>>> print(open('work29.pdb').read())   # PDB, C-alpha atoms, pLDDT in the B column
MODEL        1
ATOM      1  CA  MET J   1      72.726 283.125 123.210  1.00 57.00           C
ATOM      2  CA  ALA J   2      75.346 281.132 125.074  1.00 72.00           C
ATOM      3  CA  GLU J   3      76.649 282.276 128.426  1.00 95.00           C
ATOM      4  CA  LEU J   4      79.440 284.826 128.111  1.00 97.00           C
ATOM      5  CA  TRP J   5      82.959 283.866 129.173  1.00 98.00           C
ATOM      6  CA  SER J   6      85.137 285.736 131.637  1.00 97.00           C
ATOM      7  CA  VAL J   7      88.846 286.382 131.120  1.00 97.00           C
ATOM      8  CA  ASP J   8      89.567 283.333 133.292  1.00 98.00           C
ATOM      9  CA  ASP J   9      87.267 281.160 131.145  1.00 98.00           C
ATOM     10  CA  VAL J  10      88.993 282.237 127.924  1.00 98.00           C
ATOM     11  CA  ALA J  11      92.449 281.785 129.443  1.00 98.00           C
ATOM     12  CA  ALA J  12      91.512 278.244 130.486  1.00 98.00           C
ATOM     13  CA  TYR J  13      90.012 277.473 127.061  1.00 97.00           C
ATOM     14  CA  LEU J  14      93.074 278.734 125.179  1.00 97.00           C
ATOM     15  CA  ARG J  15      95.491 277.503 127.875  1.00 97.00           C
ATOM     16  CA  VAL J  16      97.266 280.835 128.132  1.00 97.00           C
ATOM     17  CA  PRO J  17      97.884 283.081 131.149  1.00 98.00           C
ATOM     18  CA  VAL J  18      95.313 285.805 131.864  1.00 97.00           C
ATOM     19  CA  GLU J  19      98.077 288.373 131.381  1.00 97.00           C
ATOM     20  CA  THR J  20      98.467 287.193 127.785  1.00 98.00           C
ATOM     21  CA  LEU J  21      94.816 287.982 127.084  1.00 97.00           C
ATOM     22  CA  TYR J  22      95.248 291.494 128.487  1.00 96.00           C
ATOM     23  CA  ARG J  23      98.385 291.992 126.363  1.00 97.00           C
ATOM     24  CA  TRP J  24      96.561 290.754 123.250  1.00 97.00           C
ATOM     25  CA  ARG J  25      93.693 293.130 123.983  1.00 96.00           C
ATOM     26  CA  LYS J  26      96.104 296.046 124.326  1.00 96.00           C
ATOM     27  CA  THR J  27      97.718 295.225 120.977  1.00 96.00           C
ATOM     28  CA  LYS J  28      94.333 294.365 119.374  1.00 94.00           C
ATOM     29  CA  SER J  29      95.565 290.921 118.373  1.00 95.00           C
ATOM     30  CA  GLY J  30      93.405 288.674 120.553  1.00 96.00           C
ATOM     31  CA  PRO J  31      89.809 287.522 120.484  1.00 97.00           C
ATOM     32  CA  PRO J  32      87.168 290.283 120.602  1.00 97.00           C
ATOM     33  CA  ALA J  33      85.829 291.201 124.044  1.00 97.00           C
ATOM     34  CA  ALA J  34      83.210 293.582 125.396  1.00 96.00           C
ATOM     35  CA  ARG J  35      83.533 295.606 128.553  1.00 96.00           C
ATOM     36  CA  ILE J  36      80.546 295.161 130.862  1.00 95.00           C
ATOM     37  CA  GLY J  37      81.064 297.643 133.662  1.00 96.00           C
ATOM     38  CA  ARG J  38      84.626 296.972 134.750  1.00 95.00           C
ATOM     39  CA  HIS J  39      84.670 293.377 133.499  1.00 95.00           C
ATOM     40  CA  LEU J  40      85.637 291.916 130.128  1.00 96.00           C
ATOM     41  CA  ARG J  41      83.260 289.368 128.639  1.00 98.00           C
ATOM     42  CA  TYR J  42      83.795 287.167 125.614  1.00 98.00           C
ATOM     43  CA  ASP J  43      81.265 285.483 123.339  1.00 97.00           C
ATOM     44  CA  PRO J  44      82.383 281.833 123.100  1.00 97.00           C
ATOM     45  CA  ALA J  45      81.540 281.725 119.369  1.00 96.00           C
ATOM     46  CA  ASP J  46      83.796 284.754 118.750  1.00 97.00           C
ATOM     47  CA  VAL J  47      86.660 283.174 120.704  1.00 97.00           C
ATOM     48  CA  GLN J  48      86.314 279.917 118.772  1.00 96.00           C
ATOM     49  CA  ALA J  49      86.131 281.766 115.432  1.00 96.00           C
ATOM     50  CA  TRP J  50      89.214 283.800 116.362  1.00 96.00           C
ATOM     51  CA  PHE J  51      91.044 280.589 117.267  1.00 95.00           C
ATOM     52  CA  ARG J  52      90.114 278.948 113.960  1.00 93.00           C
ATOM     53  CA  GLY J  53      91.449 282.034 112.184  1.00 93.00           C
ATOM     54  CA  GLN J  54      94.746 281.707 114.038  1.00 91.00           C
ATOM     55  CA  VAL J  55      95.086 278.092 113.010  1.00 80.00           C
ATOM     56  CA  ALA J  56      94.396 278.950 109.370  1.00 71.00           C
ATOM     57  CA  ALA J  57      96.953 281.786 109.339  1.00 62.00           C
TER      58      ALA J  57
ENDMDL
END
>>> encode(input="work29.pdb", output="structure tokens")
Amino acid sequence: MAELWSVDDVAAYLRVPVETLYRWRKTKSGPPAARIGRHLRYDPADVQAWFRGQVAA
């Protein structure tokens, strides 16, 4: 399994502000994330698959 990404990692990858990721999470429209303690973690494969789905839409 690849190393999990933080919110900052995903924001840098997608080139969006961190606040955008939190807004997407609240509206359930962004890439899937898991809460580990008080931190959000993203699987890079899930983020990339979500991105490909956005491009196709």
>>> closest_residue(input="work29.pdb", among="J:Ala34, J:Val18, J:Val55, J:Ala45", to="Glu3 (chain J)", atoms="all atoms listed in the file")
J:Ala45
>>> closest_residue(input="work29.pdb", among="J:Arg52, J:Ile36, J:Arg41, J:Lys26", to="Asp8 (chain J)", atoms="only C-alpha atoms")
J:Arg41
>>> atom_distance(input="work29.pdb", atom1="CA of Ala49 (chain J)", atom2="CA of Pro31 (chain J)")
8.5 Å
>>> residues_near_point(input="work29.pdb", point="(83.8, 280.1, 122.9)", cutoff="12 Å", atoms="all atoms listed in the file", output="ChimeraX atom specification")
/J:1-7,9-14,31-33,41-52
>>> atom_distance(input="work29.pdb", atom1="CA of Ser29 (chain J)", atom2="CA of Val16 (chain J)")
14.1 Å
>>> atom_distance(input="work29.pdb", atom1="CA of Arg23 (chain J)", atom2="CA of Gly37 (chain J)")
19.6 Å
>>> build_atoms(input="work29.pdb", residues="region 5-28 of chain J", atoms="N, CA, C and O atoms", output="PDB file, in the frame of the given file")
ATOM      1  N   TRP J   5      81.783 284.341 128.449  1.00 98.00           N
ATOM      2  CA  TRP J   5      82.959 283.866 129.173  1.00 98.00           C
ATOM      3  C   TRP J   5      83.694 285.028 129.815  1.00 98.00           C
ATOM      4  O   TRP J   5      83.770 286.126 129.261  1.00 98.00           O
ATOM      5  N   SER J   6      84.275 284.763 130.962  1.00 97.00           N
ATOM      6  CA  SER J   6      85.137 285.736 131.637  1.00 97.00           C
ATOM      7  C   SER J   6      86.557 285.589 131.089  1.00 97.00           C
ATOM      8  O   SER J   6      86.861 284.664 130.318  1.00 97.00           O
ATOM      9  N   VAL J   7      87.438 286.464 131.509  1.00 97.00           N
ATOM     10  CA  VAL J   7      88.846 286.382 131.120  1.00 97.00           C
ATOM     11  C   VAL J   7      89.425 285.045 131.582  1.00 97.00           C
ATOM     12  O   VAL J   7      90.166 284.388 130.845  1.00 97.00           O
ATOM     13  N   ASP J   8      89.067 284.609 132.781  1.00 98.00           N
ATOM     14  CA  ASP J   8      89.567 283.333 133.292  1.00 98.00           C
ATOM     15  C   ASP J   8      89.073 282.163 132.443  1.00 98.00           C
ATOM     16  O   ASP J   8      89.827 281.220 132.190  1.00 98.00           O
ATOM     17  N   ASP J   9      87.817 282.224 131.999  1.00 98.00           N
ATOM     18  CA  ASP J   9      87.267 281.160 131.145  1.00 98.00           C
ATOM     19  C   ASP J   9      88.038 281.065 129.831  1.00 98.00           C
ATOM     20  O   ASP J   9      88.384 279.969 129.378  1.00 98.00           O
ATOM     21  N   VAL J  10      88.289 282.216 129.210  1.00 98.00           N
ATOM     22  CA  VAL J  10      88.993 282.237 127.924  1.00 98.00           C
ATOM     23  C   VAL J  10      90.438 281.767 128.108  1.00 98.00           C
ATOM     24  O   VAL J  10      90.953 280.998 127.295  1.00 98.00           O
ATOM     25  N   ALA J  11      91.071 282.215 129.179  1.00 98.00           N
ATOM     26  CA  ALA J  11      92.449 281.785 129.443  1.00 98.00           C
ATOM     27  C   ALA J  11      92.511 280.267 129.609  1.00 98.00           C
ATOM     28  O   ALA J  11      93.420 279.619 129.074  1.00 98.00           O
ATOM     29  N   ALA J  12      91.542 279.701 130.310  1.00 98.00           N
ATOM     30  CA  ALA J  12      91.512 278.244 130.486  1.00 98.00           C
ATOM     31  C   ALA J  12      91.255 277.547 129.153  1.00 98.00           C
ATOM     32  O   ALA J  12      91.894 276.531 128.845  1.00 98.00           O
ATOM     33  N   TYR J  13      90.345 278.069 128.354  1.00 97.00           N
ATOM     34  CA  TYR J  13      90.012 277.473 127.061  1.00 97.00           C
ATOM     35  C   TYR J  13      91.226 277.473 126.133  1.00 97.00           C
ATOM     36  O   TYR J  13      91.531 276.472 125.485  1.00 97.00           O
ATOM     37  N   LEU J  14      91.926 278.606 126.073  1.00 97.00           N
ATOM     38  CA  LEU J  14      93.074 278.734 125.179  1.00 97.00           C
ATOM     39  C   LEU J  14      94.366 278.233 125.811  1.00 97.00           C
ATOM     40  O   LEU J  14      95.400 278.156 125.137  1.00 97.00           O
ATOM     41  N   ARG J  15      94.323 277.955 127.110  1.00 97.00           N
ATOM     42  CA  ARG J  15      95.491 277.503 127.875  1.00 97.00           C
ATOM     43  C   ARG J  15      96.639 278.503 127.801  1.00 97.00           C
ATOM     44  O   ARG J  15      97.783 278.152 127.490  1.00 97.00           O
ATOM     45  N   VAL J  16      96.273 279.763 128.068  1.00 97.00           N
ATOM     46  CA  VAL J  16      97.266 280.835 128.132  1.00 97.00           C
ATOM     47  C   VAL J  16      97.050 281.593 129.441  1.00 97.00           C
ATOM     48  O   VAL J  16      95.956 281.564 130.002  1.00 97.00           O
ATOM     49  N   PRO J  17      98.069 282.278 129.933  1.00 98.00           N
ATOM     50  CA  PRO J  17      97.884 283.081 131.149  1.00 98.00           C
ATOM     51  C   PRO J  17      96.919 284.252 130.900  1.00 98.00           C
ATOM     52  O   PRO J  17      96.832 284.775 129.781  1.00 98.00           O
ATOM     53  N   VAL J  18      96.232 284.670 131.938  1.00 97.00           N
ATOM     54  CA  VAL J  18      95.313 285.805 131.864  1.00 97.00           C
ATOM     55  C   VAL J  18      96.058 287.044 131.364  1.00 97.00           C
ATOM     56  O   VAL J  18      95.522 287.817 130.563  1.00 97.00           O
ATOM     57  N   GLU J  19      97.290 287.215 131.792  1.00 97.00           N
ATOM     58  CA  GLU J  19      98.077 288.373 131.381  1.00 97.00           C
ATOM     59  C   GLU J  19      98.252 288.414 129.868  1.00 97.00           C
ATOM     60  O   GLU J  19      98.315 289.490 129.273  1.00 97.00           O
ATOM     61  N   THR J  20      98.341 287.255 129.242  1.00 98.00           N
ATOM     62  CA  THR J  20      98.467 287.193 127.785  1.00 98.00           C
ATOM     63  C   THR J  20      97.227 287.766 127.118  1.00 98.00           C
ATOM     64  O   THR J  20      97.326 288.512 126.136  1.00 98.00           O
ATOM     65  N   LEU J  21      96.051 287.437 127.651  1.00 97.00           N
ATOM     66  CA  LEU J  21      94.816 287.982 127.084  1.00 97.00           C
ATOM     67  C   LEU J  21      94.783 289.507 127.193  1.00 97.00           C
ATOM     68  O   LEU J  21      94.376 290.193 126.250  1.00 97.00           O
ATOM     69  N   TYR J  22      95.216 290.043 128.327  1.00 96.00           N
ATOM     70  CA  TYR J  22      95.248 291.494 128.487  1.00 96.00           C
ATOM     71  C   TYR J  22      96.242 292.129 127.515  1.00 96.00           C
ATOM     72  O   TYR J  22      95.972 293.183 126.945  1.00 96.00           O
ATOM     73  N   ARG J  23      97.391 291.472 127.303  1.00 97.00           N
ATOM     74  CA  ARG J  23      98.385 291.992 126.363  1.00 97.00           C
ATOM     75  C   ARG J  23      97.829 291.963 124.937  1.00 97.00           C
ATOM     76  O   ARG J  23      97.983 292.923 124.188  1.00 97.00           O
ATOM     77  N   TRP J  24      97.167 290.853 124.577  1.00 97.00           N
ATOM     78  CA  TRP J  24      96.561 290.754 123.250  1.00 97.00           C
ATOM     79  C   TRP J  24      95.508 291.830 123.055  1.00 97.00           C
ATOM     80  O   TRP J  24      95.391 292.400 121.979  1.00 97.00           O
ATOM     81  N   ARG J  25      94.730 292.100 124.094  1.00 96.00           N
ATOM     82  CA  ARG J  25      93.693 293.130 123.983  1.00 96.00           C
ATOM     83  C   ARG J  25      94.333 294.498 123.751  1.00 96.00           C
ATOM     84  O   ARG J  25      93.857 295.286 122.938  1.00 96.00           O
ATOM     85  N   LYS J  26      95.412 294.757 124.457  1.00 96.00           N
ATOM     86  CA  LYS J  26      96.104 296.046 124.326  1.00 96.00           C
ATOM     87  C   LYS J  26      96.664 296.233 122.924  1.00 96.00           C
ATOM     88  O   LYS J  26      96.642 297.339 122.381  1.00 96.00           O
ATOM     89  N   THR J  27      97.135 295.147 122.319  1.00 96.00           N
ATOM     90  CA  THR J  27      97.718 295.225 120.977  1.00 96.00           C
ATOM     91  C   THR J  27      96.694 294.890 119.883  1.00 96.00           C
ATOM     92  O   THR J  27      97.056 294.814 118.706  1.00 96.00           O
ATOM     93  N   LYS J  28      95.435 294.672 120.305  1.00 94.00           N
ATOM     94  CA  LYS J  28      94.333 294.365 119.374  1.00 94.00           C
ATOM     95  C   LYS J  28      94.627 293.140 118.517  1.00 94.00           C
ATOM     96  O   LYS J  28      94.310 293.102 117.332  1.00 94.00           O
TER      97      LYS J  28
END
